[in-house]
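Asker: File name upload-v7.cif; file contents mmCIF, C-alpha atoms; full text below.
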data_final
loop_
_atom_site.label_atom_id
_atom_site.label_comp_id
_atom_site.auth_asym_id
_atom_site.auth_seq_id
_atom_site.Cartn_x
_atom_site.Cartn_y
_atom_site.Cartn_z
CA MET C 287 -35.36 -104.24 -12.48
CA SER C 288 -33.92 -102.19 -9.91
CA GLY C 289 -30.82 -100.06 -9.78
CA ILE C 290 -29.46 -96.61 -10.64
CA GLY C 291 -29.76 -95.27 -14.09
CA PRO C 292 -27.44 -92.78 -15.89
CA VAL C 293 -26.93 -89.42 -14.24
CA GLU C 294 -28.25 -86.48 -16.24
CA PRO C 295 -25.92 -83.44 -16.55
CA VAL C 296 -27.04 -80.47 -14.45
CA ASP C 297 -27.46 -78.23 -17.46
CA SER C 298 -29.10 -80.84 -19.66
CA PRO C 299 -31.77 -79.36 -21.91
CA GLU C 300 -33.55 -82.67 -22.02
CA THR C 301 -35.13 -82.45 -18.61
CA ASP C 302 -37.42 -79.98 -16.93
CA ALA C 303 -36.31 -80.89 -13.44
CA SER C 304 -34.67 -78.24 -11.25
CA TYR C 305 -31.24 -78.88 -9.77
CA ASP C 306 -29.07 -77.35 -7.03
CA ILE C 307 -26.13 -75.76 -8.80
CA ILE C 308 -22.85 -76.13 -6.93
CA GLY C 309 -19.78 -74.20 -7.96
CA GLY C 310 -21.42 -72.35 -10.84
CA ASP C 311 -20.96 -68.70 -11.84
CA SER C 312 -22.50 -66.12 -9.54
CA PRO C 313 -25.39 -64.11 -10.90
CA ARG C 314 -24.43 -61.03 -12.90
CA LEU C 315 -24.98 -57.55 -11.42
CA SER C 316 -27.46 -56.77 -14.13
CA ASP C 317 -29.43 -59.87 -13.23
CA ARG C 318 -29.44 -58.88 -9.58
CA TRP C 319 -30.41 -55.29 -10.39
CA HIS C 320 -33.39 -56.40 -12.48
CA SER C 321 -34.46 -58.79 -9.77
CA LEU C 322 -34.77 -55.91 -7.23
CA THR C 323 -38.02 -54.14 -6.61
CA PRO C 324 -38.22 -50.44 -7.53
CA ARG C 325 -38.13 -49.51 -3.85
CA ALA C 326 -34.97 -51.56 -3.30
CA ARG C 327 -33.34 -49.95 -6.34
CA LYS C 328 -33.93 -46.44 -4.95
CA ALA C 329 -32.53 -47.45 -1.58
CA THR C 330 -29.40 -48.92 -3.23
CA LEU C 331 -28.79 -45.76 -5.27
CA ALA C 332 -29.18 -43.54 -2.21
CA ALA C 333 -26.75 -45.67 -0.22
CA GLY C 334 -24.16 -45.48 -3.00
CA VAL C 335 -24.34 -41.68 -3.22
CA ILE C 336 -23.92 -41.35 0.56
CA ALA C 337 -20.88 -43.67 0.49
CA LEU C 338 -19.20 -41.68 -2.28
CA ALA C 339 -19.81 -38.40 -0.49
CA ALA C 340 -18.39 -39.78 2.78
CA THR C 341 -15.16 -40.85 1.11
CA GLY C 342 -14.82 -37.59 -0.79
CA VAL C 343 -15.10 -39.30 -4.16
CA VAL C 344 -17.65 -37.18 -5.91
CA LEU C 345 -17.82 -37.75 -9.61
CA LEU C 346 -17.85 -34.15 -10.74
CA PRO C 347 -16.02 -32.68 -13.70
CA ARG C 348 -12.58 -31.40 -12.74
CA SER C 349 -12.05 -27.69 -12.96
CA HIS C 350 -8.70 -26.57 -14.34
CA THR C 351 -8.43 -23.32 -12.40
CA PRO C 352 -4.87 -21.96 -12.67
CA ARG C 353 -2.97 -21.40 -9.45
CA PRO C 354 -2.79 -17.76 -8.38
CA ALA C 355 0.54 -16.11 -9.04
CA PRO C 356 2.68 -15.43 -5.95
CA PRO C 357 2.51 -11.84 -4.70
CA GLN C 358 5.19 -9.59 -6.16
CA LEU C 359 7.67 -8.33 -3.60
CA ALA C 360 8.38 -4.64 -3.20
CA PRO C 361 11.78 -3.48 -4.54
CA TRP C 362 14.76 -3.05 -2.25
CA PRO C 363 14.68 0.56 -0.99
CA ALA C 364 18.33 1.27 -1.91
CA ASN C 365 17.67 0.18 -5.50
CA VAL C 366 14.94 2.76 -6.14
CA THR C 367 16.27 5.76 -4.17
CA GLN C 368 18.46 8.47 -5.68
CA TRP C 369 20.27 11.42 -4.08
CA ARG C 370 21.44 14.59 -5.85
CA TYR C 371 23.47 17.40 -4.32
CA LEU C 372 21.98 20.88 -4.82
CA GLY C 373 24.44 23.12 -2.98
CA LEU C 374 24.90 24.94 0.30
CA ALA C 375 21.78 25.88 2.20
CA GLN C 376 23.57 28.84 3.75
CA THR C 377 27.05 30.37 3.76
CA THR C 378 28.99 32.09 6.53
CA ASP C 379 32.15 34.20 6.56
CA PHE C 380 33.25 33.19 10.05
CA PRO C 381 34.68 29.91 11.34
CA THR C 382 31.98 27.41 12.19
CA ALA C 383 31.79 23.76 13.14
CA SER C 384 28.56 23.08 11.24
CA GLY C 385 27.48 23.35 7.62
CA PHE C 386 24.08 22.98 5.96
CA PHE C 387 23.87 21.16 2.62
CA ARG C 388 20.87 20.79 0.33
CA PHE C 389 19.94 17.51 -1.42
CA ALA C 390 17.13 16.24 -3.65
CA VAL C 391 15.95 12.72 -2.79
CA SER C 392 13.84 10.73 -5.26
CA VAL C 393 12.10 7.34 -5.13
CA ASN C 394 11.46 5.81 -8.54
CA THR C 395 8.90 3.11 -7.78
CA GLY C 396 7.41 0.86 -5.11
CA PRO C 397 6.09 1.79 -1.67
CA PRO C 398 7.21 4.92 0.20
CA VAL C 399 10.77 4.93 1.54
CA THR C 400 11.65 6.36 4.95
CA LEU C 401 15.22 7.63 5.26
CA ARG C 402 17.54 8.68 8.07
CA VAL C 403 21.02 10.18 7.64
CA THR C 404 23.43 8.50 10.09
CA GLY C 405 26.94 9.61 9.10
CA ALA C 406 29.11 11.77 6.86
CA ALA C 407 32.07 9.78 5.53
CA PHE C 408 34.76 10.41 8.17
CA ASP C 409 35.24 9.83 11.87
CA GLY C 410 34.97 13.18 13.59
CA LEU C 411 31.88 14.21 11.58
CA THR C 412 28.23 13.83 12.51
CA ALA C 413 25.31 14.32 10.12
CA GLN C 414 21.54 14.43 10.31
CA ALA C 415 18.62 15.71 8.26
CA THR C 416 16.99 18.84 9.61
CA PRO C 417 14.52 19.83 10.98
CA GLU C 418 13.40 16.15 11.21
CA PRO C 419 16.07 13.41 11.31
CA SER C 420 13.76 10.93 9.52
CA PHE C 421 11.71 11.74 6.44
CA THR C 422 9.60 9.81 3.90
CA VAL C 423 9.57 10.05 0.11
CA ASN C 424 6.73 8.58 -1.97
CA ALA C 425 7.22 6.74 -5.24
CA GLY C 426 7.46 9.09 -8.20
CA ALA C 427 8.19 12.08 -5.94
CA THR C 428 11.29 14.17 -5.20
CA ARG C 429 11.83 15.77 -1.82
CA ARG C 430 14.35 18.53 -1.04
CA ILE C 431 16.04 18.15 2.32
CA THR C 432 18.78 19.86 4.33
CA VAL C 433 21.56 17.86 5.98
CA GLU C 434 23.52 19.42 8.83
CA VAL C 435 27.13 18.21 9.00
CA THR C 436 29.03 19.03 12.20
CA VAL C 437 32.74 18.69 12.92
CA SER C 438 33.05 17.05 16.33
CA ASP C 439 36.75 16.10 16.25
CA CYS C 440 39.41 17.54 13.94
CA SER C 441 42.11 15.01 14.76
CA GLY C 442 42.64 12.70 11.82
CA LEU C 443 40.19 14.50 9.52
CA PRO C 444 41.33 14.96 5.90
CA LEU C 445 40.70 18.68 5.31
CA ASN C 446 40.42 18.14 1.56
CA ALA C 447 37.54 15.68 1.27
CA ASP C 448 37.76 13.37 -1.75
CA LEU C 449 34.52 11.74 -2.93
CA PRO C 450 32.72 12.21 0.40
CA PHE C 451 29.52 10.30 1.06
CA LEU C 452 26.54 10.18 3.38
CA ASP C 453 25.58 7.09 5.34
CA VAL C 454 21.83 6.56 5.13
CA THR C 455 19.34 4.04 6.53
CA LEU C 456 16.44 3.28 4.17
CA ARG C 457 13.24 1.43 5.05
CA ASN C 458 10.18 0.31 3.10
CA THR C 459 7.79 -2.64 3.32
CA ARG C 460 10.45 -4.93 1.79
CA ALA C 461 13.45 -4.33 4.07
CA ILE C 462 15.67 -2.01 6.09
CA GLN C 463 18.98 -1.26 4.40
CA HIS C 464 22.13 0.72 5.19
CA ASN C 465 23.67 2.44 2.18
CA SER C 466 26.28 5.09 1.35
CA PHE C 467 25.59 7.71 -1.31
CA ILE C 468 28.75 9.20 -2.87
CA PHE C 469 28.76 12.71 -4.32
CA GLY C 470 31.06 14.46 -6.77
CA SER C 471 33.25 17.54 -6.83
CA ALA C 472 30.65 20.17 -5.87
CA TYR C 473 29.84 18.54 -2.52
CA SER C 474 33.52 17.70 -2.02
CA LYS C 475 34.53 21.37 -2.36
CA ASP C 476 31.78 22.64 -0.06
CA LEU C 477 32.54 20.04 2.61
CA SER C 478 36.27 20.83 2.37
CA ARG C 479 35.53 24.50 3.08
CA LEU C 480 33.68 23.48 6.24
CA LEU C 481 36.56 21.25 7.37
CA HIS C 482 39.11 24.03 6.82
CA ALA C 483 36.94 26.58 8.63
CA ALA C 484 36.49 24.29 11.63
CA CYS C 485 39.94 22.74 11.85
CA ASP C 486 42.59 25.09 10.38
CA ALA C 487 43.07 26.92 13.67
CA THR C 488 43.10 23.65 15.60
CA ASN C 489 45.70 22.05 13.35
CA ALA C 490 47.98 25.11 13.68
CA ARG C 491 48.26 24.70 17.43
CA PRO C 492 51.13 22.69 18.98
CA GLY C 493 50.40 19.02 19.40
CA PRO C 494 49.52 17.57 22.80
CA GLN C 495 52.27 16.67 25.26
CA PRO C 496 53.27 13.01 25.40
CA SER C 497 51.43 11.03 28.04
CA GLY C 498 52.09 7.89 30.01
CA SER C 499 55.43 6.52 31.08
CA ALA C 500 57.47 8.36 28.42
CA ARG C 501 56.40 11.75 29.77
CA SER C 502 57.14 10.65 33.31
CA GLN C 503 60.67 9.79 32.33
CA ASN C 504 61.19 13.25 30.71
CA VAL C 505 59.89 15.02 33.80
CA ASP C 506 62.22 13.04 35.99
#
As structure tokens, how would this structure be written, given the file I've shared?
Answerer:
Amino acid sequence: MSGIGPVEPVDSPETDASYDIIGGDSPRLSDRWHSLTPRARKATLAAGVIALAATGVVLLPRSHTPRPAPPQLAPWPANVTQWRYLGLAQTTDFPTASGFFRFAVSVNTGPPVTLRVTGAAFDGLTAQATPEPSFTVNAGATRRITVEVTVSDCSGLPLNADLPFLDVTLRNTRAIQHNSFIFGSAYSKDLSRLLHAACDATNARPGPQPSGSARSQNVD
């Protein structure tokens, strides 16, 4: 009798024959790993480490290092500098256009502050520290300085100075600032004496003759 008998299933336990498996599950990684020779296993491990290092994926424990705090800025120079009036550096009994005034300048904290006196409240006055126009005060220190105030133009000057001030430029590692320091009655009285001494005689003189077209008409 000839013909084709029943087909045995490919995973039948009843036969010892070997079959080509089509469409079955692929071998597991563990099965492949165990099927490798020791030399092949070492080569595979080495290749994996090199690949991880090349991509920057290194399986190391993460360190939780805190970010460094941003550097603290130095204080604004005008916020840490103080001026105090001490009195006249010298007195004179004759009319003069210049006066010398003593001040104490302090810096509370931060880096050193370099200062320069640039003005003295009113137009017609000039002011500067002497003998050096610029000077530096360290933190925690007080420096005594002399400021020379000179009357350059009496016209329009108030002879009785009320709350006069000094214009000062301050500089430290944070910034350069322009600030005005106002002083009380003691400096006001001493400055008023200088203004009277320099300008009383000038103010007593007759005013200047009219100029321009109005004067030309009077002359005609």
Asker: On this structure, which residues satisfy the PyMOL selection byres ((chain C and resi 433) around 6), written as a ChimeraX atom specification?
Answerer: /C:386-387,414-416,432,434
Asker: I'd like to know which of C:Arg457, C:Ser478, C:Ala407, C:Phe389 is closest to Leu445 (chain C), using only C-alpha atoms.
Answerer: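 For Leu445 (chain C), the nearest of the given residues is C:Ser478.
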Asker: List every protein, DNA or RNA residue that has at least one atom no more than 8 Å from (27.1, 18.6, 16.7) in the file's coordinates, counting all atoms listed in the file, and write the result as number ranges by chain.
Answerer: C: 383-384, 412, 435-438
Asker: Which residues are close to Pro363 (chain C), i.e. within 9 Å by only C-alpha atoms, leaving aside same-chain residues fewer than 3 positions away? Reply as a ChimeraX atom specification.
Answerer: /C:360,366-367,393,396-400,456-463
Asker: Write the selection just made, keeping C-alpha atoms, as an mmCIF file, in the frame of the given file?
Answerer:
data_model
loop_
_atom_site.group_PDB
_atom_site.id
_atom_site.type_symbol
_atom_site.label_atom_id
_atom_site.label_comp_id
_atom_site.auth_asym_id
_atom_site.auth_seq_id
_atom_site.Cartn_x
_atom_site.Cartn_y
_atom_site.Cartn_z
ATOM 1 C CA ALA C 360 8.380 -4.640 -3.200
ATOM 2 C CA VAL C 366 14.940 2.760 -6.140
ATOM 3 C CA THR C 367 16.270 5.760 -4.170
ATOM 4 C CA VAL C 393 12.100 7.340 -5.130
ATOM 5 C CA GLY C 396 7.410 0.860 -5.110
ATOM 6 C CA PRO C 397 6.090 1.790 -1.670
ATOM 7 C CA PRO C 398 7.210 4.920 0.200
ATOM 8 C CA VAL C 399 10.770 4.930 1.540
ATOM 9 C CA THR C 400 11.650 6.360 4.950
ATOM 10 C CA LEU C 456 16.440 3.280 4.170
ATOM 11 C CA ARG C 457 13.240 1.430 5.050
ATOM 12 C CA ASN C 458 10.180 0.310 3.100
ATOM 13 C CA THR C 459 7.790 -2.640 3.320
ATOM 14 C CA ARG C 460 10.450 -4.930 1.790
ATOM 15 C CA ALA C 461 13.450 -4.330 4.070
ATOM 16 C CA ILE C 462 15.670 -2.010 6.090
ATOM 17 C CA GLN C 463 18.980 -1.260 4.400
#
Asker: One number please: CA of Arg370 (chain C) to CA of Phe469 (chain C), in Å, one decimal.
Answerer: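 Result for CA of Arg370 (chain C) versus CA of Phe469 (chain C): 7.7 Å, one decimal.
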Asker: Could you tell me which residues the PyMOL selection byres ((chain C and resi 408) around 10) returns for this structure, as an NGL selection string?
Answerer: :C and (405-407 or 409-412 or 437 or 442-444 or 447 or 450-452)
Asker: Using only C-alpha atoms, which residue out of C:Val423, C:Cys440, C:Leu449, C:Ile431 lies closest to Ala487 (chain C)?
Answerer: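 Nearest to Ala487 (chain C): C:Cys440.
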Asker: In Å, how far is it from CA of Thr455 (chain C) to CA of Gln376 (chain C)?
Answerer: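 Spanning CA of Thr455 (chain C) to CA of Gln376 (chain C) is a straight-line distance of 25.3 Å.
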Asker: Rounded to one decimal place, report the CA of Thr428 (chain C)-CA of Gly385 (chain C) distance in Å.
Answerer: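 These two atoms are separated by 22.6 Å.
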Asker: Kindly indicate which residue among C:Thr382, C:Ser392, C:Ser420, C:Thr404 lies nearest to Arg479 (chain C), using all atoms listed in the file for the distances.
Answerer: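 Among C:Thr382, C:Ser392, C:Ser420, C:Thr404, it is C:Thr382 that comes nearest to Arg479 (chain C).
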